[in-house]
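Beneath this line is the structure, given in structure tokens, with notes to follow.
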Amino acid sequence: MHIFLTGATGYIGAAVLDALIKGGHKVTAMARDKEKAERLAAKGATPIVAELGLPKRYLAAVKAADAVVYCAYESSPRGVALEKQTLESMLATQAQASQADGKVRTFIYTSGVWVLGRAIKAADESAPLDPPPHVAWRPGHEDLVLSAFSATQRTVVVRPGIVYGGGRGIVADLIKDALNGLVRVVGPGKNRWPLIYDHDLGELYVRILETPTAAGIFHANDEADERVGDIVEAIAAHVPQKPDIRFMPMDEAHKKFGSYADALALDQKVRSPKARALGWVPTQPGVVNSVARLVEEFRNSQRDRNA
């Protein structure tokens with residue numbers, strides 16, 4: 001299968017790229033500059049140097065591909081509006097291509113479980129949404145993708161939990177802080193984070209692409225229901241010198257992190273029945289039971305970056 005991938009140098013996109021290449025798929029991946037393009041080529045992808053705001057540089061590749069996997073995220077003030085415009089142009093280009101040749105194409109959009117809001121009871125893909133302000137725009141983009149479904153365009157939304165592994169992401173930030181001697185936790189740490197190992201997440205995208213009937217919303221988490229305080233304590237026990245752990249009151253966290261604080265403080269119990277129905281099973285038992293290896297992955301990633 002020929003896949004067009006955005007965000008291939010990002011955290012989730014890199015995991016998806018590795019899984020696609022491992023699965024024998026042909027990948028055309030977008031990069032913002034020549035240096036990143038060279039890194040993608042070294043992994044086995046065909047790079048295109050382009051930005052989301054310059055559709056003339058990449059829409060031909062969208063048209064030529066069997067599937068588009070959207071993992072890009074731009075955190076700039078224009079990021080939300082730019083993503084909406086990009087989704088609209090990519091979906092329209094893909095639909096036109098399928099109408100012209102009759103071939104079914106697939107579009108996968110990467111969202112996240114934070115759109116569910118607080119979920120103290122197990123929330124599957126049919127659960128109602130109550131996003132905190134930090135991701136209040138995401139449901140509209142999900143709807144944009146899902147509403148494009150047709151006989152020749154299969155559309156999918158993947159909602160990953162908090163991704164860990166490979167020395168990147170929120171959990172890696174906790175490891176870095178622990179190694180530096182001070183970990184700050186937003187709130188009392190009793191809330192549960194839905195989590196997913198990066199390699200397991202990449203494998204889910206491959207399963208969805210390779211299953212012609214897979215459509216709609218898919219959650220992606222390991223269902224370990226780990227509490228933030230337990231994760232931090234486990235990390236603290238696996239670094240050379242136990243760090244100080246400080247639980248930040250929410251008013252202080254809001255001043256430091258803004259709306260991001262509410263997302264980090266969400267208590268969520270999430271389930272992924274549709275993903276598991278594809279035969280997908282996470283290989284990792286959660287963060288608490290994997291900390292020793294995650295700390296080593298973090299150290300290796302730091303050495304690689306400094307090499």
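Chain identifiers are assigned as A, B, and so on, following the order in which chains appear in the structure tokens; residues are numbered from 1 within each chain, and ligands are numbered from 1 in order of appearance.
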For Ala220 of chain A: contacts at 8 Å, only C-alpha atoms, fewer than 2 positions along chain excluded, given as a PDB file with N, CA and C atoms, in the first residue's frame:
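Dumped to result.pdb:
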```pdb
ATOM      1  N   VAL A 158      -8.305   8.255  14.897  1.00  0.00           N
ATOM      2  CA  VAL A 158      -7.610   7.525  15.964  1.00  0.00           C
ATOM      3  C   VAL A 158      -7.410   8.475  17.133  1.00  0.00           C
ATOM      4  N   ARG A 159      -7.826   8.024  18.320  1.00  0.00           N
ATOM      5  CA  ARG A 159      -7.633   8.810  19.542  1.00  0.00           C
ATOM      6  C   ARG A 159      -6.635   8.105  20.447  1.00  0.00           C
ATOM      7  N   PRO A 160      -5.351   8.431  20.327  1.00  0.00           N
ATOM      8  CA  PRO A 160      -4.361   7.824  21.214  1.00  0.00           C
ATOM      9  C   PRO A 160      -4.504   8.351  22.639  1.00  0.00           C
ATOM     10  N   GLY A 161      -4.111   7.504  23.588  1.00  0.00           N
ATOM     11  CA  GLY A 161      -3.908   7.989  24.941  1.00  0.00           C
ATOM     12  C   GLY A 161      -2.604   8.763  24.994  1.00  0.00           C
ATOM     13  N   ILE A 196      -0.334   4.757  26.132  1.00  0.00           N
ATOM     14  CA  ILE A 196      -0.066   3.813  25.051  1.00  0.00           C
ATOM     15  C   ILE A 196       1.405   3.907  24.640  1.00  0.00           C
ATOM     16  N   LEU A 201       1.151   1.849  19.347  1.00  0.00           N
ATOM     17  CA  LEU A 201       0.297   2.789  18.614  1.00  0.00           C
ATOM     18  C   LEU A 201       0.564   2.709  17.120  1.00  0.00           C
ATOM     19  N   LEU A 204      -1.165  -0.160  15.529  1.00  0.00           N
ATOM     20  CA  LEU A 204      -2.610  -0.021  15.340  1.00  0.00           C
ATOM     21  C   LEU A 204      -2.926   0.668  14.012  1.00  0.00           C
ATOM     22  N   PHE A 218     -11.421   5.074  16.625  1.00  0.00           N
ATOM     23  CA  PHE A 218     -10.684   4.023  17.325  1.00  0.00           C
ATOM     24  C   PHE A 218      -9.904   4.652  18.478  1.00  0.00           C
ATOM     25  N   ASP A 222      -3.624   1.343  26.634  1.00  0.00           N
ATOM     26  CA  ASP A 222      -3.307   0.017  27.170  1.00  0.00           C
ATOM     27  C   ASP A 222      -4.270  -0.447  28.261  1.00  0.00           C
ATOM     28  N   ARG A 271     -11.417   2.818  27.208  1.00  0.00           N
ATOM     29  CA  ARG A 271     -11.360   1.472  26.637  1.00  0.00           C
ATOM     30  C   ARG A 271     -11.293   1.546  25.113  1.00  0.00           C
ATOM     31  N   SER A 272     -10.689   0.518  24.505  1.00  0.00           N
ATOM     32  CA  SER A 272     -10.441   0.505  23.060  1.00  0.00           C
ATOM     33  C   SER A 272     -11.010  -0.763  22.404  1.00  0.00           C
ATOM     34  N   ALA A 275     -10.408  -1.234  18.499  1.00  0.00           N
ATOM     35  CA  ALA A 275      -9.033  -1.585  18.144  1.00  0.00           C
ATOM     36  C   ALA A 275      -8.757  -3.050  18.458  1.00  0.00           C
TER      37      ALA A 275
END
```
Which residues come within 10 Å of Gly102 of chain A, counting only C-alpha atoms, excluding same-chain residues fewer than 5 positions away, as a PyMOL selection string? chain A and resi 95-97+151-153
Let me see the file: selected residues, C-alpha atoms, as a PDB file, in the first residue's frame.
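Result saved to out-v4.pdb:
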```
ATOM      1  CA  ALA A  95     -12.297  12.218  -2.908  1.00  0.00           C
ATOM      2  CA  GLN A  96     -11.785  13.648  -6.398  1.00  0.00           C
ATOM      3  CA  ALA A  97      -9.075  11.079  -7.110  1.00  0.00           C
ATOM      4  CA  ALA A 151     -18.270   4.346  -0.867  1.00  0.00           C
ATOM      5  CA  THR A 152     -14.830   5.285  -2.207  1.00  0.00           C
ATOM      6  CA  GLN A 153     -13.372   7.135   0.795  1.00  0.00           C
TER       7      GLN A 153
END
```
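Of the listed residues (A:Val145, A:Ala127, A:Ile21, A:Ala64), A:Ala127 comes nearest to Gln268 of chain A; the distances count only C-alpha atoms.
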Which residues, written as number ranges by chain, have at least one atom at most 12 Å from Asp177 of chain A, with only C-alpha atoms counted and residues fewer than 4 positions away on the same chain left out? A: 170-173, 181-185, 232, 235-236, 239, 241-246, 295, 298
Convert the current residue selection to file output with C-alpha atoms, as a PDB file, in the first residue's frame.
```
ATOM      1  CA  ILE A 170       4.933  13.622  28.598  1.00  0.00           C
ATOM      2  CA  VAL A 171       6.216  10.547  30.446  1.00  0.00           C
ATOM      3  CA  ALA A 172       9.751  11.198  29.182  1.00  0.00           C
ATOM      4  CA  ASP A 173       9.439  14.741  30.550  1.00  0.00           C
ATOM      5  CA  GLY A 181      15.844  16.180  41.026  1.00  0.00           C
ATOM      6  CA  LEU A 182      12.355  17.744  40.977  1.00  0.00           C
ATOM      7  CA  VAL A 183       9.068  16.463  39.560  1.00  0.00           C
ATOM      8  CA  ARG A 184       6.026  18.728  39.471  1.00  0.00           C
ATOM      9  CA  VAL A 185       2.640  17.021  39.303  1.00  0.00           C
ATOM     10  CA  VAL A 232       5.747   9.390  39.334  1.00  0.00           C
ATOM     11  CA  ILE A 235       9.923   6.728  38.080  1.00  0.00           C
ATOM     12  CA  ALA A 236      11.382   8.214  41.272  1.00  0.00           C
ATOM     13  CA  VAL A 239      16.628   7.072  39.124  1.00  0.00           C
ATOM     14  CA  GLN A 241      18.813   9.805  43.520  1.00  0.00           C
ATOM     15  CA  LYS A 242      15.161  10.030  44.542  1.00  0.00           C
ATOM     16  CA  PRO A 243      13.808  13.403  43.434  1.00  0.00           C
ATOM     17  CA  ASP A 244      11.544  15.776  45.258  1.00  0.00           C
ATOM     18  CA  ILE A 245       7.926  15.392  44.161  1.00  0.00           C
ATOM     19  CA  ARG A 246       5.776  18.498  44.296  1.00  0.00           C
ATOM     20  CA  VAL A 295      14.490   5.283  31.798  1.00  0.00           C
ATOM     21  CA  PHE A 298      15.328   8.050  27.639  1.00  0.00           C
TER      22      PHE A 298
END
```
Using only C-alpha atoms, which residue out of A:Arg105, A:His199, A:Lys84, A:Arg118 lies closest to Phe149 of chain A?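 Using only C-alpha atoms, Phe149 of chain A sits closest to A:Arg105.
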Looking at A:Val281, A:Asp124, A:Ala224, A:Gly117, which one is nearest to Gly202 of chain A, with distances taken over only C-alpha atoms?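 Among A:Val281, A:Asp124, A:Ala224, A:Gly117, it is A:Val281 that comes nearest to Gly202 of chain A.
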Contacts of segment 80-82 of chain A within 12 Å, only C-alpha atoms, excl. fewer than 6 positions in-chain, as a PDB file with C-alpha atoms, in the first residue's frame:
```pdb
ATOM      1  CA  GLU A  51       4.593  22.742   4.807  1.00  0.00           C
ATOM      2  CA  LEU A  52       0.880  22.355   5.509  1.00  0.00           C
ATOM      3  CA  GLY A  53       0.247  25.901   4.368  1.00  0.00           C
ATOM      4  CA  LEU A  54       1.664  25.176   0.897  1.00  0.00           C
ATOM      5  CA  PRO A  55      -0.773  22.588  -0.539  1.00  0.00           C
ATOM      6  CA  ALA A  72       0.837  16.579  11.919  1.00  0.00           C
ATOM      7  CA  TYR A  73       0.310  19.144  14.669  1.00  0.00           C
ATOM      8  CA  GLU A  74       1.246  22.802  14.599  1.00  0.00           C
ATOM      9  CA  GLU A  88     -10.516  20.116   3.857  1.00  0.00           C
ATOM     10  CA  SER A  89      -8.097  20.304   0.915  1.00  0.00           C
ATOM     11  CA  HIS A 134      -7.098  22.993  25.432  1.00  0.00           C
ATOM     12  CA  VAL A 135      -8.586  20.638  22.805  1.00  0.00           C
ATOM     13  CA  ALA A 136     -12.075  22.117  22.379  1.00  0.00           C
ATOM     14  CA  TRP A 137     -11.430  22.471  18.627  1.00  0.00           C
ATOM     15  CA  ARG A 138     -10.667  18.807  18.007  1.00  0.00           C
ATOM     16  CA  PRO A 139     -14.213  17.373  17.837  1.00  0.00           C
ATOM     17  CA  GLY A 140     -15.005  19.674  14.924  1.00  0.00           C
ATOM     18  CA  HIS A 141     -11.998  18.347  13.022  1.00  0.00           C
TER      19      HIS A 141
END
```
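Counting only C-alpha atoms, Leu294 of chain A has the following residues at most 9 Å away, ignoring those fewer than 4 positions along the same chain: A:Tyr164, A:Gly165, A:Gly166, A:Gly167, A:Val171, A:Ala172, A:Ile175, A:Val287, A:Ser290, A:Phe298, A:Arg299.
Nearest residue to Lys190 of chain A, choosing from A:Arg227, A:Lys56, A:Lys43, A:Lys255 and counting only C-alpha atoms: A:Arg227.
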Counting only C-alpha atoms, which residue out of A:Ala61, A:Ala37, A:Val68, A:Ile162 sits closest to Leu5 of chain A?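 Looking only at the distances to Leu5 of chain A, the closest residue turns out to be A:Val68.
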Within 9 Å of Tyr260 of chain A, counting only C-alpha atoms, which residues qualify if same-chain residues fewer than 3 places away don't, as a PyMOL selection string? chain A and resi 132-135+253-254+257+263-265
Using only C-alpha atoms, which residue out of A:Val62, A:Thr106, A:Met1, A:Val186 lies closest to Lys256 of chain A? A:Val186
Atom CA of Val291 of chain A and atom CA of Ala237 of chain A, how far apart in Å?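 Going from atom CA of Ala237 of chain A over to atom CA of Val291 of chain A, I get 9.1 Å.
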